[in-house]
file my_file_5.cif (mmCIF, C-alpha atoms)
data_query
loop_
_atom_site.label_atom_id
_atom_site.label_comp_id
_atom_site.auth_asym_id
_atom_site.auth_seq_id
_atom_site.Cartn_x
_atom_site.Cartn_y
_atom_site.Cartn_z
CA MET A 152 2.23 -29.13 -60.86
CA LEU A 153 0.50 -28.50 -57.55
CA HIS A 154 -3.26 -28.30 -57.03
CA ILE A 155 -5.07 -26.58 -54.16
CA LYS A 156 -8.55 -27.58 -53.00
CA THR A 157 -10.41 -25.42 -50.47
CA PHE A 158 -13.13 -26.53 -48.06
CA VAL A 159 -15.06 -24.19 -45.73
CA PHE A 160 -15.79 -25.92 -42.43
CA ASN A 161 -17.21 -25.36 -38.93
CA PRO A 162 -19.14 -22.41 -37.46
CA TYR A 163 -16.10 -20.17 -37.90
CA GLN A 164 -16.15 -20.66 -41.71
CA GLU A 165 -12.55 -21.82 -41.63
CA ASN A 166 -10.68 -22.69 -44.82
CA THR A 167 -9.25 -26.21 -44.84
CA TYR A 168 -6.79 -26.87 -47.67
CA LEU A 169 -5.57 -29.87 -49.59
CA ILE A 170 -2.40 -29.46 -51.63
CA TYR A 171 -1.65 -32.32 -53.99
CA ASP A 172 0.65 -33.09 -56.91
CA ASP A 173 0.04 -34.95 -60.17
CA ALA A 174 1.12 -38.19 -58.51
CA LYS A 175 -1.74 -37.72 -55.99
CA ASN A 176 0.49 -37.11 -52.96
CA CYS A 177 -1.47 -34.84 -50.64
CA ILE A 178 -0.98 -32.49 -47.68
CA VAL A 179 -3.92 -31.74 -45.38
CA ILE A 180 -3.66 -28.25 -43.88
CA ASP A 181 -5.74 -26.98 -40.93
CA PRO A 182 -8.52 -29.60 -40.96
CA GLY A 183 -11.49 -27.81 -39.44
CA MET A 184 -14.21 -30.45 -39.69
CA HIS A 185 -16.50 -30.30 -36.67
CA ASN A 186 -19.10 -32.95 -37.52
CA TYR A 187 -19.46 -36.25 -39.37
CA GLN A 188 -20.84 -34.60 -42.49
CA GLU A 189 -17.77 -32.41 -42.88
CA GLU A 190 -15.47 -35.33 -42.15
CA ASN A 191 -17.16 -37.32 -44.90
CA GLN A 192 -16.94 -34.38 -47.28
CA LEU A 193 -13.17 -34.26 -46.90
CA LYS A 194 -12.76 -38.03 -47.05
CA ASP A 195 -15.00 -38.36 -50.11
CA TYR A 196 -12.91 -35.83 -52.02
CA ILE A 197 -9.67 -37.56 -51.06
CA ASP A 198 -11.04 -41.00 -51.93
CA SER A 199 -12.77 -40.05 -55.18
CA ASN A 200 -9.62 -38.33 -56.47
CA GLY A 201 -7.32 -41.14 -55.38
CA LEU A 202 -5.26 -38.85 -53.17
CA LYS A 203 -2.64 -40.15 -50.73
CA PRO A 204 -2.32 -37.91 -47.66
CA VAL A 205 1.32 -37.84 -46.55
CA HIS A 206 1.38 -34.81 -44.21
CA LEU A 207 -1.02 -33.15 -41.75
CA ILE A 208 -0.01 -29.57 -40.96
CA ASN A 209 -1.50 -26.89 -38.70
CA THR A 210 -0.56 -23.28 -39.31
CA HIS A 211 -1.50 -22.59 -35.69
CA GLY A 212 -3.37 -24.07 -32.74
CA HIS A 213 -6.70 -22.23 -32.50
CA ILE A 214 -9.83 -24.36 -32.24
CA ASP A 215 -11.17 -23.80 -35.75
CA HIS A 216 -7.93 -25.00 -37.34
CA VAL A 217 -7.43 -28.22 -35.36
CA LEU A 218 -10.96 -29.64 -34.97
CA GLY A 219 -10.32 -32.35 -37.57
CA ASN A 220 -6.81 -33.33 -36.48
CA LYS A 221 -7.82 -36.56 -34.79
CA PHE A 222 -10.02 -37.69 -37.68
CA VAL A 223 -7.28 -37.10 -40.27
CA ALA A 224 -4.63 -38.63 -38.01
CA GLU A 225 -6.62 -41.80 -37.42
CA THR A 226 -7.98 -42.14 -40.94
CA TYR A 227 -4.66 -41.70 -42.73
CA GLY A 228 -2.10 -42.65 -40.10
CA LEU A 229 -0.61 -39.16 -39.86
CA THR A 230 0.68 -37.15 -36.91
CA PRO A 231 -0.16 -33.43 -36.84
CA GLN A 232 2.80 -31.15 -37.48
CA PHE A 233 3.03 -27.62 -36.11
CA HIS A 234 5.45 -25.27 -34.34
CA GLU A 235 6.20 -26.12 -30.71
CA GLY A 236 5.16 -22.61 -29.70
CA GLU A 237 1.58 -23.51 -30.65
CA LEU A 238 1.44 -26.54 -28.34
CA PRO A 239 -0.22 -24.72 -25.40
CA LEU A 240 -2.98 -23.47 -27.71
CA VAL A 241 -3.63 -26.95 -29.10
CA VAL A 242 -3.81 -28.43 -25.60
CA GLN A 243 -6.18 -25.70 -24.39
CA VAL A 244 -8.78 -26.50 -27.06
CA GLN A 245 -10.00 -29.59 -25.25
CA ASN A 246 -10.75 -27.45 -22.18
CA TYR A 247 -12.88 -24.76 -23.83
CA ALA A 248 -14.47 -26.55 -26.81
CA PRO A 249 -17.25 -28.12 -24.67
CA GLN A 250 -18.06 -24.72 -23.16
CA MET A 251 -18.63 -23.44 -26.70
CA GLY A 252 -20.84 -26.36 -27.61
CA ILE A 253 -18.39 -27.67 -30.18
CA ARG A 254 -17.65 -31.37 -30.61
CA TYR A 255 -13.92 -31.92 -30.32
CA GLU A 256 -11.83 -35.04 -30.07
CA PRO A 257 -8.40 -34.02 -28.74
CA SER A 258 -5.65 -33.75 -31.30
CA PRO A 259 -2.73 -36.16 -31.17
CA ILE A 260 0.45 -34.44 -30.01
CA PRO A 261 3.62 -34.85 -32.06
CA GLU A 262 6.99 -35.82 -30.63
CA THR A 263 8.83 -33.45 -32.98
CA PHE A 264 7.83 -30.00 -34.18
CA LEU A 265 8.17 -27.80 -37.24
CA ASP A 266 10.35 -24.72 -37.49
CA GLU A 267 10.87 -22.00 -40.06
CA SER A 268 13.98 -23.73 -41.39
CA ASP A 269 12.15 -26.95 -42.26
CA ILE A 270 11.23 -28.08 -45.77
CA ILE A 271 8.21 -30.26 -46.54
CA GLN A 272 8.57 -32.68 -49.43
CA LEU A 273 5.51 -33.45 -51.55
CA GLY A 274 6.61 -35.84 -54.27
CA ASP A 275 9.10 -33.86 -56.35
CA GLU A 276 7.90 -30.54 -54.93
CA GLN A 277 9.16 -28.67 -51.90
CA LEU A 278 7.30 -26.30 -49.60
CA SER A 279 8.94 -24.02 -47.04
CA PHE A 280 7.70 -22.27 -43.90
CA ILE A 281 7.49 -18.64 -42.85
CA LEU A 282 7.24 -17.93 -39.12
CA ALA A 283 4.75 -15.07 -38.73
CA PRO A 284 3.65 -14.66 -35.09
CA GLY A 285 1.15 -12.12 -33.82
CA HIS A 286 -2.22 -13.77 -34.33
CA SER A 287 -0.77 -16.65 -32.31
CA PRO A 288 2.63 -17.17 -30.67
CA ALA A 289 4.35 -19.26 -33.37
CA HIS A 290 2.13 -19.14 -36.46
CA LEU A 291 3.61 -20.79 -39.54
CA CYS A 292 2.66 -19.98 -43.14
CA ILE A 293 3.37 -22.50 -45.90
CA TYR A 294 5.11 -21.07 -48.97
CA SER A 295 5.89 -22.19 -52.51
CA SER A 296 8.26 -19.82 -54.27
CA LYS A 297 8.09 -21.99 -57.40
CA HIS A 298 4.31 -21.79 -57.68
CA ASN A 299 3.87 -18.35 -56.09
CA PHE A 300 1.41 -19.16 -53.32
CA LEU A 301 1.20 -18.85 -49.56
CA ILE A 302 -1.10 -20.79 -47.26
CA GLY A 303 -1.34 -17.91 -44.83
CA GLY A 304 -3.53 -19.11 -41.98
CA ASP A 305 -4.87 -16.21 -39.94
CA VAL A 306 -2.10 -13.68 -40.56
CA LEU A 307 -3.32 -11.72 -43.59
CA PHE A 308 -6.80 -11.68 -45.13
CA LYS A 309 -8.29 -9.88 -48.11
CA ASN A 310 -8.43 -6.26 -46.88
CA SER A 311 -8.02 -7.39 -43.28
CA ILE A 312 -5.62 -9.00 -40.81
CA GLY A 313 -5.83 -11.66 -38.12
CA ARG A 314 -7.37 -10.76 -34.78
CA THR A 315 -4.99 -10.33 -31.88
CA ASP A 316 -7.35 -10.39 -28.89
CA LEU A 317 -7.06 -14.16 -28.43
CA PRO A 318 -4.53 -15.82 -26.08
CA GLY A 319 -1.03 -15.41 -27.46
CA GLY A 320 -2.01 -12.54 -29.76
CA ASN A 321 0.10 -9.42 -30.16
CA HIS A 322 -1.06 -6.68 -32.52
CA GLN A 323 2.28 -4.98 -33.15
CA GLN A 324 3.98 -8.32 -33.62
CA LEU A 325 1.39 -9.25 -36.25
CA LEU A 326 1.92 -5.99 -38.13
CA ASN A 327 5.68 -6.59 -38.03
CA SER A 328 5.22 -10.14 -39.33
CA ILE A 329 3.13 -8.93 -42.25
CA ALA A 330 5.51 -6.10 -43.11
CA THR A 331 8.74 -8.10 -42.86
CA LYS A 332 7.68 -11.64 -43.75
CA ILE A 333 4.64 -11.40 -46.06
CA TYR A 334 4.90 -8.07 -47.86
CA THR A 335 8.48 -8.90 -48.86
CA LEU A 336 7.25 -11.81 -51.01
CA PRO A 337 6.71 -11.24 -54.75
CA GLU A 338 3.61 -9.15 -55.51
CA GLU A 339 2.04 -11.92 -57.58
CA THR A 340 2.11 -14.37 -54.65
CA VAL A 341 -1.41 -15.68 -54.10
CA VAL A 342 -2.40 -15.73 -50.43
CA TYR A 343 -4.82 -18.46 -49.37
CA PRO A 344 -6.03 -17.33 -45.93
CA GLY A 345 -7.63 -19.21 -43.07
CA HIS A 346 -10.95 -17.44 -43.68
CA GLY A 347 -12.50 -15.75 -46.68
CA PRO A 348 -11.35 -15.40 -50.30
CA SER A 349 -7.81 -15.52 -51.62
CA THR A 350 -5.87 -12.39 -52.43
CA THR A 351 -2.36 -11.43 -53.52
CA VAL A 352 0.55 -9.84 -51.73
CA GLY A 353 0.52 -6.94 -54.19
CA GLU A 354 -3.17 -6.25 -53.73
CA GLU A 355 -2.86 -6.15 -49.95
CA ARG A 356 0.20 -3.93 -50.06
CA ARG A 357 -1.81 -1.42 -52.10
CA THR A 358 -5.25 -1.62 -50.50
CA ASN A 359 -5.20 -3.24 -47.06
CA PRO A 360 -6.48 -0.59 -44.62
CA PHE A 361 -4.69 -2.09 -41.61
CA ILE A 362 -1.18 -2.17 -43.00
CA ARG A 363 0.27 -0.95 -46.28
CA ALA A 364 3.78 -1.13 -47.60
#

call {"tool": "encode", "arguments": {"input": "my_file_5.cif", "output": "structure tokens"}}
result
Amino acid sequence: MLHIKTFVFNPYQENTYLIYDDAKNCIVIDPGMHNYQEENQLKDYIDSNGLKPVHLINTHGHIDHVLGNKFVAETYGLTPQFHEGELPLVVQVQNYAPQMGIRYEPSPIPETFLDESDIIQLGDEQLSFILAPGHSPAHLCIYSSKHNFLIGGDVLFKNSIGRTDLPGGNHQQLLNSIATKIYTLPEETVVYPGHGPSTTVGEERRTNPFIRA
């Protein structure tokens, strides 16, 4: 059994996720904490539930999804994992965060990177990756075919899609990613996006005004 806990952090109202199994092994995804209160909120939940963080994963490198990387890395001895194509975005955050008035401690940089062919082990469970660029150059979604869910980052939202006017964005590429990588998943797949409420693949295929199957 896998459990998903959602936190809403930082001025961008970004969704930070914890995925954990019955043995308390835990993955931290897109930690967006931007102050000490939010850091303590995440840590208190992990500590009070006896969770053991074993992976730190970023779907992509935009500021709101990496603000808490250093805190999680230092607190739990983890190195952030993301696609190499997101590295320029992660590095750029330290240059523009101060201009936006946002506290940011630069993220550690991994020596190895994730790719679509990789598998993440969480206890006895396995999670795979779906490369879905367009919102960012090498955006990865995290998928469980067994449990029918997708941690979708900023690709597909409830009745919306990710913005493409940021560095590395490409509108047509995003539409192609949704059509060929996300809408081909089973209709009952629950999509946990980087902002806002969850949805399902089937619901978005039927009702999303930006792209329908």

call {"tool": "resolve_selection", "arguments": {"input": "my_file_5.cif", "expression": "the PyMOL selection byres ((chain A and resi 236) around 9)", "output": "ChimeraX atom specification"}}
result
/A:211,233-235,237-240,287-290

call {"tool": "closest_residue", "arguments": {"input": "my_file_5.cif", "among": "A:Lys194, A:His206, A:His286, A:Lys175", "to": "A:Asn321", "atoms": "all atoms listed in the file"}}
result
A:His286

call {"tool": "closest_residue", "arguments": {"input": "my_file_5.cif", "among": "A:Pro284, A:Ile270, A:Glu355, A:Val242", "to": "A:Gln323", "atoms": "all atoms listed in the file"}}
result
A:Pro284

call {"tool": "closest_atom_pairs", "arguments": {"input": "my_file_5.cif", "of": "stretch 188-266 of chain A", "to": "stretch 153-165 of chain A", "cutoff": "12 Å", "atoms": "only C-alpha atoms", "output": "tab-separated table"}}
result
residue	atom	partner	partner_atom	distance
A:Gln188	CA	A:Phe160	CA	10.0
A:Glu189	CA	A:Phe160	CA	6.8
A:Glu190	CA	A:Phe160	CA	9.4
A:Asn191	CA	A:Phe160	CA	11.7
A:Gln192	CA	A:Phe158	CA	8.8
A:Leu193	CA	A:Phe158	CA	7.8
A:Lys194	CA	A:Phe158	CA	11.6
A:Tyr196	CA	A:Lys156	CA	9.4
A:Ile197	CA	A:Lys156	CA	10.2
A:Asn200	CA	A:Lys156	CA	11.3
A:Leu202	CA	A:His154	CA	11.4
A:His213	CA	A:Glu165	CA	10.9
A:Ile214	CA	A:Tyr163	CA	9.4
A:Asp215	CA	A:Glu165	CA	6.4
A:His216	CA	A:Glu165	CA	7.1
A:Val217	CA	A:Glu165	CA	10.3
A:Leu218	CA	A:Asn161	CA	8.5
A:Gly219	CA	A:Phe160	CA	9.7
A:Met251	CA	A:Pro162	CA	10.8
A:Gly252	CA	A:Pro162	CA	10.7
A:Ile253	CA	A:Pro162	CA	9.0
A:Arg254	CA	A:Asn161	CA	10.3
A:Tyr255	CA	A:Asn161	CA	11.3

call {"tool": "resolve_selection", "arguments": {"input": "my_file_5.cif", "expression": "the PyMOL selection byres ((chain A and resi 332-343) around 6)", "output": "list in words"}}
result
Asn299, Phe300, Leu301, Ile302, Gly303, Ser328, Ile329, Ala330, Thr331, Pro344, Ser349, Thr350, Thr351, Val352 and Gly353 of chain A

call {"tool": "atom_distance", "arguments": {"input": "my_file_5.cif", "atom1": "atom CA of A:Glu256", "atom2": "atom CA of A:Ile312"}}
result
28.8 Å

call {"tool": "residues_around", "arguments": {"input": "my_file_5.cif", "residues": "A:His322", "least_positions_apart": "5", "cutoff": "9 Å", "atoms": "only C-alpha atoms", "output": "mmCIF file with C-alpha atoms, keeping the file's coordinate frame"}}
result
data_model
loop_
_atom_site.group_PDB
_atom_site.id
_atom_site.type_symbol
_atom_site.label_atom_id
_atom_site.label_comp_id
_atom_site.auth_asym_id
_atom_site.auth_seq_id
_atom_site.Cartn_x
_atom_site.Cartn_y
_atom_site.Cartn_z
ATOM 1 C CA GLY A 285 1.150 -12.120 -33.820
ATOM 2 C CA HIS A 286 -2.220 -13.770 -34.330
ATOM 3 C CA GLY A 313 -5.830 -11.660 -38.120
ATOM 4 C CA ARG A 314 -7.370 -10.760 -34.780
ATOM 5 C CA THR A 315 -4.990 -10.330 -31.880
ATOM 6 C CA ASP A 316 -7.350 -10.390 -28.890
ATOM 7 C CA ASN A 327 5.680 -6.590 -38.030
#

call {"tool": "atom_distance", "arguments": {"input": "my_file_5.cif", "atom1": "atom CA of A:Leu169", "atom2": "atom CA of A:Ile208"}}
result
10.3 Å

call {"tool": "atom_distance", "arguments": {"input": "my_file_5.cif", "atom1": "atom CA of A:Met152", "atom2": "atom CA of A:Leu229"}}
result
23.4 Å

call {"tool": "resolve_selection", "arguments": {"input": "my_file_5.cif", "expression": "the PyMOL selection byres ((chain A and resi 179) around 8)", "output": "CSV table (one decimal) with C-alpha atoms, keeping the file's coordinate frame"}}
result
chain,number,residue,atom,x,y,z
A,167,THR,CA,-9.2,-26.2,-44.8
A,168,TYR,CA,-6.8,-26.9,-47.7
A,169,LEU,CA,-5.6,-29.9,-49.6
A,170,ILE,CA,-2.4,-29.5,-51.6
A,177,CYS,CA,-1.5,-34.8,-50.6
A,178,ILE,CA,-1.0,-32.5,-47.7
A,180,ILE,CA,-3.7,-28.2,-43.9
A,181,ASP,CA,-5.7,-27.0,-40.9
A,182,PRO,CA,-8.5,-29.6,-41.0
A,204,PRO,CA,-2.3,-37.9,-47.7
A,206,HIS,CA,1.4,-34.8,-44.2
A,207,LEU,CA,-1.0,-33.2,-41.8
A,208,ILE,CA,0.0,-29.6,-41.0

call {"tool": "closest_residue", "arguments": {"input": "my_file_5.cif", "among": "A:Pro249, A:Gly274, A:Gly320, A:Pro257", "to": "A:Lys221", "atoms": "only C-alpha atoms"}}
result
A:Pro257
